[in-house]
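Chemist: Following this message is one structure expressed as structure tokens.
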Amino acid sequence: MTIALTLLLVLLATLGLPLFVALGAGGLLATHQADLDPAVLIIELNRLATSPNLTAIPLFTFAGVALAAGGAPQRLIRMFNALVGWLPGGIAGVALLACAFFTAFSGASGVTILALGGLLLPMLTSVGYPQRFSLGLLTGSGSIGLLFPPSLPVLLYGIVAGVNIDTMFLAGLLPGLLLLSLMGLYCMFIGVRLNIPRQTFKAAVLRQSLREGVWDLLLPVGVVWGIFGGFVTVGEAAACTAAYVLLLETWIHHSLSLRRQLAPILRETSVLVGSILVILGVAMGLTNLLIDAQIPMHLLDWVRANVDSQLQFLLLLNLALLVVGAMMDIFSAIVVVVPLLLPLAQQFGVDPVHLGIIFLANLEIGYCTPPVGINLFIASQRFQKPILSLFVASLPFLAIMLVWLAIVTYVPQLSLGLL
């Protein structure tokens, strides 16, 4: 009976049942099976609510939503276009940089595609890039900034894994820059091969765009400097970021009206944050039940019996995480899978920080892989294209990301070298 109900929940989740409902029902089923009081599922919420870094999630999310509503995407595109538009593949580079910057603050690549896709696709096709390349670039780069501060997935991993969040942000810098560089080189290659015309560099246009966009650029610089310099905690940095964004959009750019637009921004933020926190709460309660049932220990015993080396473990880890990334959204995967992986990684001498970068890199790739790749679904809605055609268009960028994943996995100093 229990197996049948479990399979039914998995089937319903596949068909669209909200994940927090499926996880909560699974938790209730597990407590009933173990003759435990369902209140044990709520205990984990108390630990979650007392986490000092929890307040950073809604504040950083609010900052990303407010930036989108205030016209930051348009300012960033003009600025990056003036900076790198004259290089080979310059417009494609503009798309990469804009998506990376915006995803770091929005935390959800769907927001990036929705905010920037309508602006960047006409830009790319108008200068001669094929539509297939342009769609693949925008779909694939919608999650390219997930390792840069103040990324919500990095923040969430630190909370769940008990790893210092400052350390996680620092560890993600070099791998994130490497991915940007690899994809940028590919865009330059395509630009040269197709003989895409370059824009003329104009100092006056650059000065004007920097004058408008410099305040946006100062935001990530301030976050990184404040956190890594030891001047503010992650929560304090999030509060300063939210206040700065309000000041920037209302007083400097005059692009937001608090009277008319603050309520919709707060509503959108609440929906996004609420969904994350509900999933986090019920998933962590279910995870505790799995730990009580010694599921991680059984998994560890199987790995010990069948895996002989760290190299083999990392290979199997990547294969498993690619499947997880294709089946689950990134926030759910973090809270459900990370507690199960940590003891296995420690057994094979994998640093928890390095594990976090590998984990997030896999899930970043999962954004573009069916059946649950969120980039594919949102890009399909935004560009009115079939999911399969978008997946095929994204294949060159997925190949680059797989090469990058191999480098990140087997060169741990890339993640740990700055620590």
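Simple scheme: letters A, B, ... for chains in structure tokens order, numbers from 1 for residues in each chain, numbers from 1 for ligands in the order shown.
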Find the spatial neighbours of Val154 (chain A), counting only C-alpha atoms, within a cut-off of 9 Å - ignore same-chain residues fewer than 3 positions away - and output them as an mmCIF file with N, CA and C atoms, in the first residue's frame.

Modeler:
data_model
loop_
_atom_site.group_PDB
_atom_site.id
_atom_site.type_symbol
_atom_site.label_atom_id
_atom_site.label_comp_id
_atom_site.auth_asym_id
_atom_site.auth_seq_id
_atom_site.Cartn_x
_atom_site.Cartn_y
_atom_site.Cartn_z
ATOM 1 N N LEU A 146 24.467 31.881 -12.175
ATOM 2 C CA LEU A 146 24.023 31.312 -10.904
ATOM 3 C C LEU A 146 25.136 31.152 -9.868
ATOM 4 N N LEU A 147 26.393 31.193 -10.272
ATOM 5 C CA LEU A 147 27.483 31.040 -9.308
ATOM 6 C C LEU A 147 27.992 32.377 -8.787
ATOM 7 N N PHE A 148 27.501 33.476 -9.326
ATOM 8 C CA PHE A 148 27.981 34.788 -8.905
ATOM 9 C C PHE A 148 27.136 35.333 -7.749
ATOM 10 N N PRO A 149 27.773 36.034 -6.792
ATOM 11 C CA PRO A 149 26.992 36.637 -5.707
ATOM 12 C C PRO A 149 26.095 37.741 -6.240
ATOM 13 N N PRO A 150 24.894 37.915 -5.658
ATOM 14 C CA PRO A 150 24.348 37.216 -4.482
ATOM 15 C C PRO A 150 23.366 36.111 -4.865
ATOM 16 N N SER A 151 23.795 35.136 -5.633
ATOM 17 C CA SER A 151 22.930 34.086 -6.167
ATOM 18 C C SER A 151 22.149 33.368 -5.065
ATOM 19 N N TYR A 157 22.283 26.715 -0.779
ATOM 20 C CA TYR A 157 23.193 25.585 -0.539
ATOM 21 C C TYR A 157 23.954 25.789 0.766
ATOM 22 N N GLY A 158 24.435 27.001 0.994
ATOM 23 C CA GLY A 158 25.164 27.270 2.228
ATOM 24 C C GLY A 158 24.320 27.017 3.460
ATOM 25 N N ILE A 159 23.038 27.393 3.405
ATOM 26 C CA ILE A 159 22.140 27.176 4.546
ATOM 27 C C ILE A 159 21.918 25.688 4.772
ATOM 28 N N ILE A 165 28.605 30.926 3.872
ATOM 29 C CA ILE A 165 28.100 31.459 2.606
ATOM 30 C C ILE A 165 29.121 32.383 1.946
ATOM 31 N N MET A 168 31.281 30.168 -0.012
ATOM 32 C CA MET A 168 30.627 29.663 -1.220
ATOM 33 C C MET A 168 30.626 30.723 -2.327
ATOM 34 N N PHE A 169 30.325 31.969 -1.973
ATOM 35 C CA PHE A 169 30.340 33.032 -2.973
ATOM 36 C C PHE A 169 31.730 33.194 -3.580
ATOM 37 N N GLY A 172 32.660 30.388 -6.055
ATOM 38 C CA GLY A 172 31.976 30.378 -7.338
ATOM 39 C C GLY A 172 32.509 31.364 -8.354
ATOM 40 N N GLY A 356 29.589 21.740 -3.461
ATOM 41 C CA GLY A 356 28.553 22.722 -3.761
ATOM 42 C C GLY A 356 28.682 23.292 -5.165
ATOM 43 N N ILE A 357 29.901 23.590 -5.584
ATOM 44 C CA ILE A 357 30.101 24.138 -6.925
ATOM 45 C C ILE A 357 29.765 23.086 -7.979
ATOM 46 N N LEU A 360 25.873 22.767 -8.042
ATOM 47 C CA LEU A 360 25.205 23.883 -8.709
ATOM 48 C C LEU A 360 25.525 23.913 -10.200
#

Chemist: Show me, as a count of residues only, the residues that have an atom within 8 Å of Leu170 (chain A) when counting only C-alpha atoms, minus same-chain residues fewer than 4 positions from it.

Modeler: 4

Chemist: List every residue of region 44-273 of chain A that DSSP, applied to the backbone of this structure, places in helix (DSSP H, G or I), and write the result as number ranges by chain.

Modeler: A: 44-49, 56-69, 72-84, 90-106, 109-126, 131-143, 152-161, 165-171, 173-193, 203-228, 234-252, 258-273

Chemist: Can you work out the spacing between CA of Val94 (chain A) and CA of Leu178 (chain A) in Å, to one decimal?

Modeler: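 Computing it gives 16.5 Å between the two atoms.
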
Chemist: Go through A:Leu156, A:Leu174, A:Ile387, A:Leu11 and flag the residue nearest Val335 (chain A), using only C-alpha atoms for the distances.

Modeler: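 Ranking A:Leu156, A:Leu174, A:Ile387, A:Leu11 by distance to Val335 (chain A), first place goes to A:Leu156.
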
Chemist: With only C-alpha atoms as the atoms that count, which of A:Ile113, A:Pro175, A:Trp86, A:Gln74 lies nearest to Pro412 (chain A)?

Modeler: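 Comparing A:Ile113, A:Pro175, A:Trp86, A:Gln74 against Pro412 (chain A), the winner is A:Pro175.
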
Chemist: Hey, what's within 12 Å of Met79 (chain A) if we count only C-alpha atoms and toss same-chain stuff fewer than 2 positions away? As an NGL selection string, please?

Modeler: :A and (72-77 or 81-85 or 91 or 93-95 or 97-98 or 202-217)

Chemist: Those selected residues, please, written with N, CA and C atoms and delivered as an mmCIF file, in the first residue's frame.

Modeler:
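Now in part31.cif:
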data_model
loop_
_atom_site.group_PDB
_atom_site.id
_atom_site.type_symbol
_atom_site.label_atom_id
_atom_site.label_comp_id
_atom_site.auth_asym_id
_atom_site.auth_seq_id
_atom_site.Cartn_x
_atom_site.Cartn_y
_atom_site.Cartn_z
ATOM 1 N N ALA A 72 16.483 48.187 -15.391
ATOM 2 C CA ALA A 72 17.901 47.801 -15.361
ATOM 3 C C ALA A 72 18.306 46.967 -16.573
ATOM 4 N N PRO A 73 17.457 46.046 -17.084
ATOM 5 C CA PRO A 73 17.868 45.277 -18.267
ATOM 6 C C PRO A 73 18.228 46.157 -19.458
ATOM 7 N N GLN A 74 17.438 47.188 -19.721
ATOM 8 C CA GLN A 74 17.723 48.081 -20.855
ATOM 9 C C GLN A 74 19.019 48.847 -20.638
ATOM 10 N N ARG A 75 19.238 49.313 -19.415
ATOM 11 C CA ARG A 75 20.483 50.055 -19.132
ATOM 12 C C ARG A 75 21.705 49.155 -19.291
ATOM 13 N N LEU A 76 21.600 47.915 -18.802
ATOM 14 C CA LEU A 76 22.727 46.993 -18.895
ATOM 15 C C LEU A 76 23.054 46.661 -20.344
ATOM 16 N N ILE A 77 22.020 46.434 -21.152
ATOM 17 C CA ILE A 77 22.255 46.104 -22.556
ATOM 18 C C ILE A 77 22.947 47.259 -23.269
ATOM 19 N N ASN A 81 26.731 46.825 -24.589
ATOM 20 C CA ASN A 81 26.846 46.998 -26.040
ATOM 21 C C ASN A 81 27.926 48.020 -26.376
ATOM 22 N N ALA A 82 27.969 49.105 -25.612
ATOM 23 C CA ALA A 82 29.000 50.123 -25.840
ATOM 24 C C ALA A 82 30.389 49.604 -25.457
ATOM 25 N N LEU A 83 30.440 48.710 -24.449
ATOM 26 C CA LEU A 83 31.726 48.202 -23.972
ATOM 27 C C LEU A 83 32.316 47.135 -24.890
ATOM 28 N N VAL A 84 31.503 46.160 -25.329
ATOM 29 C CA VAL A 84 32.042 45.012 -26.056
ATOM 30 C C VAL A 84 31.398 44.808 -27.420
ATOM 31 N N GLY A 85 30.449 45.664 -27.805
ATOM 32 C CA GLY A 85 29.763 45.484 -29.074
ATOM 33 C C GLY A 85 30.666 45.575 -30.287
ATOM 34 N N ILE A 91 27.692 41.473 -30.034
ATOM 35 C CA ILE A 91 26.305 41.489 -29.584
ATOM 36 C C ILE A 91 25.983 40.223 -28.792
ATOM 37 N N GLY A 93 28.160 38.619 -27.038
ATOM 38 C CA GLY A 93 28.806 38.862 -25.756
ATOM 39 C C GLY A 93 27.974 39.754 -24.856
ATOM 40 N N VAL A 94 27.291 40.727 -25.450
ATOM 41 C CA VAL A 94 26.379 41.587 -24.694
ATOM 42 C C VAL A 94 25.292 40.742 -24.035
ATOM 43 N N ALA A 95 24.738 39.806 -24.814
ATOM 44 C CA ALA A 95 23.691 38.934 -24.280
ATOM 45 C C ALA A 95 24.213 38.097 -23.115
ATOM 46 N N LEU A 97 26.807 38.722 -21.029
ATOM 47 C CA LEU A 97 27.078 39.540 -19.850
ATOM 48 C C LEU A 97 25.797 40.014 -19.191
ATOM 49 N N ALA A 98 24.837 40.441 -19.983
ATOM 50 C CA ALA A 98 23.580 40.921 -19.420
ATOM 51 C C ALA A 98 22.839 39.806 -18.693
ATOM 52 N N LYS A 202 32.258 54.032 -30.146
ATOM 53 C CA LYS A 202 32.020 55.466 -29.997
ATOM 54 C C LYS A 202 32.185 55.852 -28.536
ATOM 55 N N ALA A 203 33.200 56.660 -28.287
ATOM 56 C CA ALA A 203 33.508 57.049 -26.907
ATOM 57 C C ALA A 203 32.346 57.803 -26.266
ATOM 58 N N ALA A 204 31.673 58.638 -27.051
ATOM 59 C CA ALA A 204 30.572 59.421 -26.495
ATOM 60 C C ALA A 204 29.428 58.514 -26.042
ATOM 61 N N VAL A 205 29.134 57.477 -26.849
ATOM 62 C CA VAL A 205 28.076 56.527 -26.482
ATOM 63 C C VAL A 205 28.470 55.740 -25.235
ATOM 64 N N LEU A 206 29.758 55.366 -25.155
ATOM 65 C CA LEU A 206 30.236 54.642 -23.988
ATOM 66 C C LEU A 206 30.110 55.493 -22.732
ATOM 67 N N ARG A 207 30.501 56.765 -22.828
ATOM 68 C CA ARG A 207 30.402 57.653 -21.659
ATOM 69 C C ARG A 207 28.953 57.801 -21.215
ATOM 70 N N GLN A 208 28.056 57.962 -22.176
ATOM 71 C CA GLN A 208 26.646 58.129 -21.831
ATOM 72 C C GLN A 208 26.074 56.870 -21.186
ATOM 73 N N SER A 209 26.394 55.695 -21.759
ATOM 74 C CA SER A 209 25.857 54.452 -21.204
ATOM 75 C C SER A 209 26.454 54.153 -19.831
ATOM 76 N N LEU A 210 27.733 54.489 -19.639
ATOM 77 C CA LEU A 210 28.345 54.292 -18.324
ATOM 78 C C LEU A 210 27.740 55.241 -17.298
ATOM 79 N N ARG A 211 27.424 56.443 -17.741
ATOM 80 C CA ARG A 211 26.799 57.395 -16.832
ATOM 81 C C ARG A 211 25.454 56.860 -16.336
ATOM 82 N N GLU A 212 24.724 56.178 -17.230
ATOM 83 C CA GLU A 212 23.426 55.630 -16.846
ATOM 84 C C GLU A 212 23.562 54.316 -16.076
ATOM 85 N N GLY A 213 24.542 53.483 -16.465
ATOM 86 C CA GLY A 213 24.615 52.137 -15.913
ATOM 87 C C GLY A 213 25.622 51.930 -14.811
ATOM 88 N N VAL A 214 26.442 52.942 -14.500
ATOM 89 C CA VAL A 214 27.480 52.753 -13.505
ATOM 90 C C VAL A 214 26.897 52.419 -12.136
ATOM 91 N N TRP A 215 25.707 52.971 -11.850
ATOM 92 C CA TRP A 215 25.099 52.691 -10.551
ATOM 93 C C TRP A 215 24.675 51.229 -10.448
ATOM 94 N N ASP A 216 24.274 50.638 -11.564
ATOM 95 C CA ASP A 216 23.945 49.210 -11.563
ATOM 96 C C ASP A 216 25.206 48.370 -11.378
ATOM 97 N N LEU A 217 26.310 48.763 -12.031
ATOM 98 C CA LEU A 217 27.554 48.016 -11.896
ATOM 99 C C LEU A 217 28.108 48.069 -10.479
#

Chemist: Can you tell me, as number ranges by chain, what residues are no more than 12 Å from region 249-253 of chain A when counting only C-alpha atoms, ignoring any on the same chain fewer than 2 positions away?

Modeler: A: 63-72, 75, 211-216, 242-247, 255-262

Chemist: Just checking: using only C-alpha atoms, which residue out of A:Pro153, A:Gly128, A:Gly90, A:Pro352 ends up closest to Ala56 (chain A)?

Modeler: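 Counting only C-alpha atoms, the residue closest to Ala56 (chain A) is A:Pro153.
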
Chemist: Go through A:Ile358, A:Met188, A:Leu179, A:Val232 one by one, measure the shortest atom-to-atom distance of each to Ala399 (chain A) using only C-alpha atoms, and give the residue with the smallest value.

Modeler: A:Leu179

Chemist: Considering only C-alpha atoms, state which residue in the set A:Thr200, A:Ser126, A:Ile144, A:Ala161 is at the smallest distance from Gly176 (chain A).

Modeler: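 For Gly176 (chain A), the nearest of the given residues is A:Ile144.
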
Chemist: Quick one, how far is CA of Thr61 (chain A) from CA of Leu152 (chain A)?

Modeler: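 So the answer is 7.9 Å.
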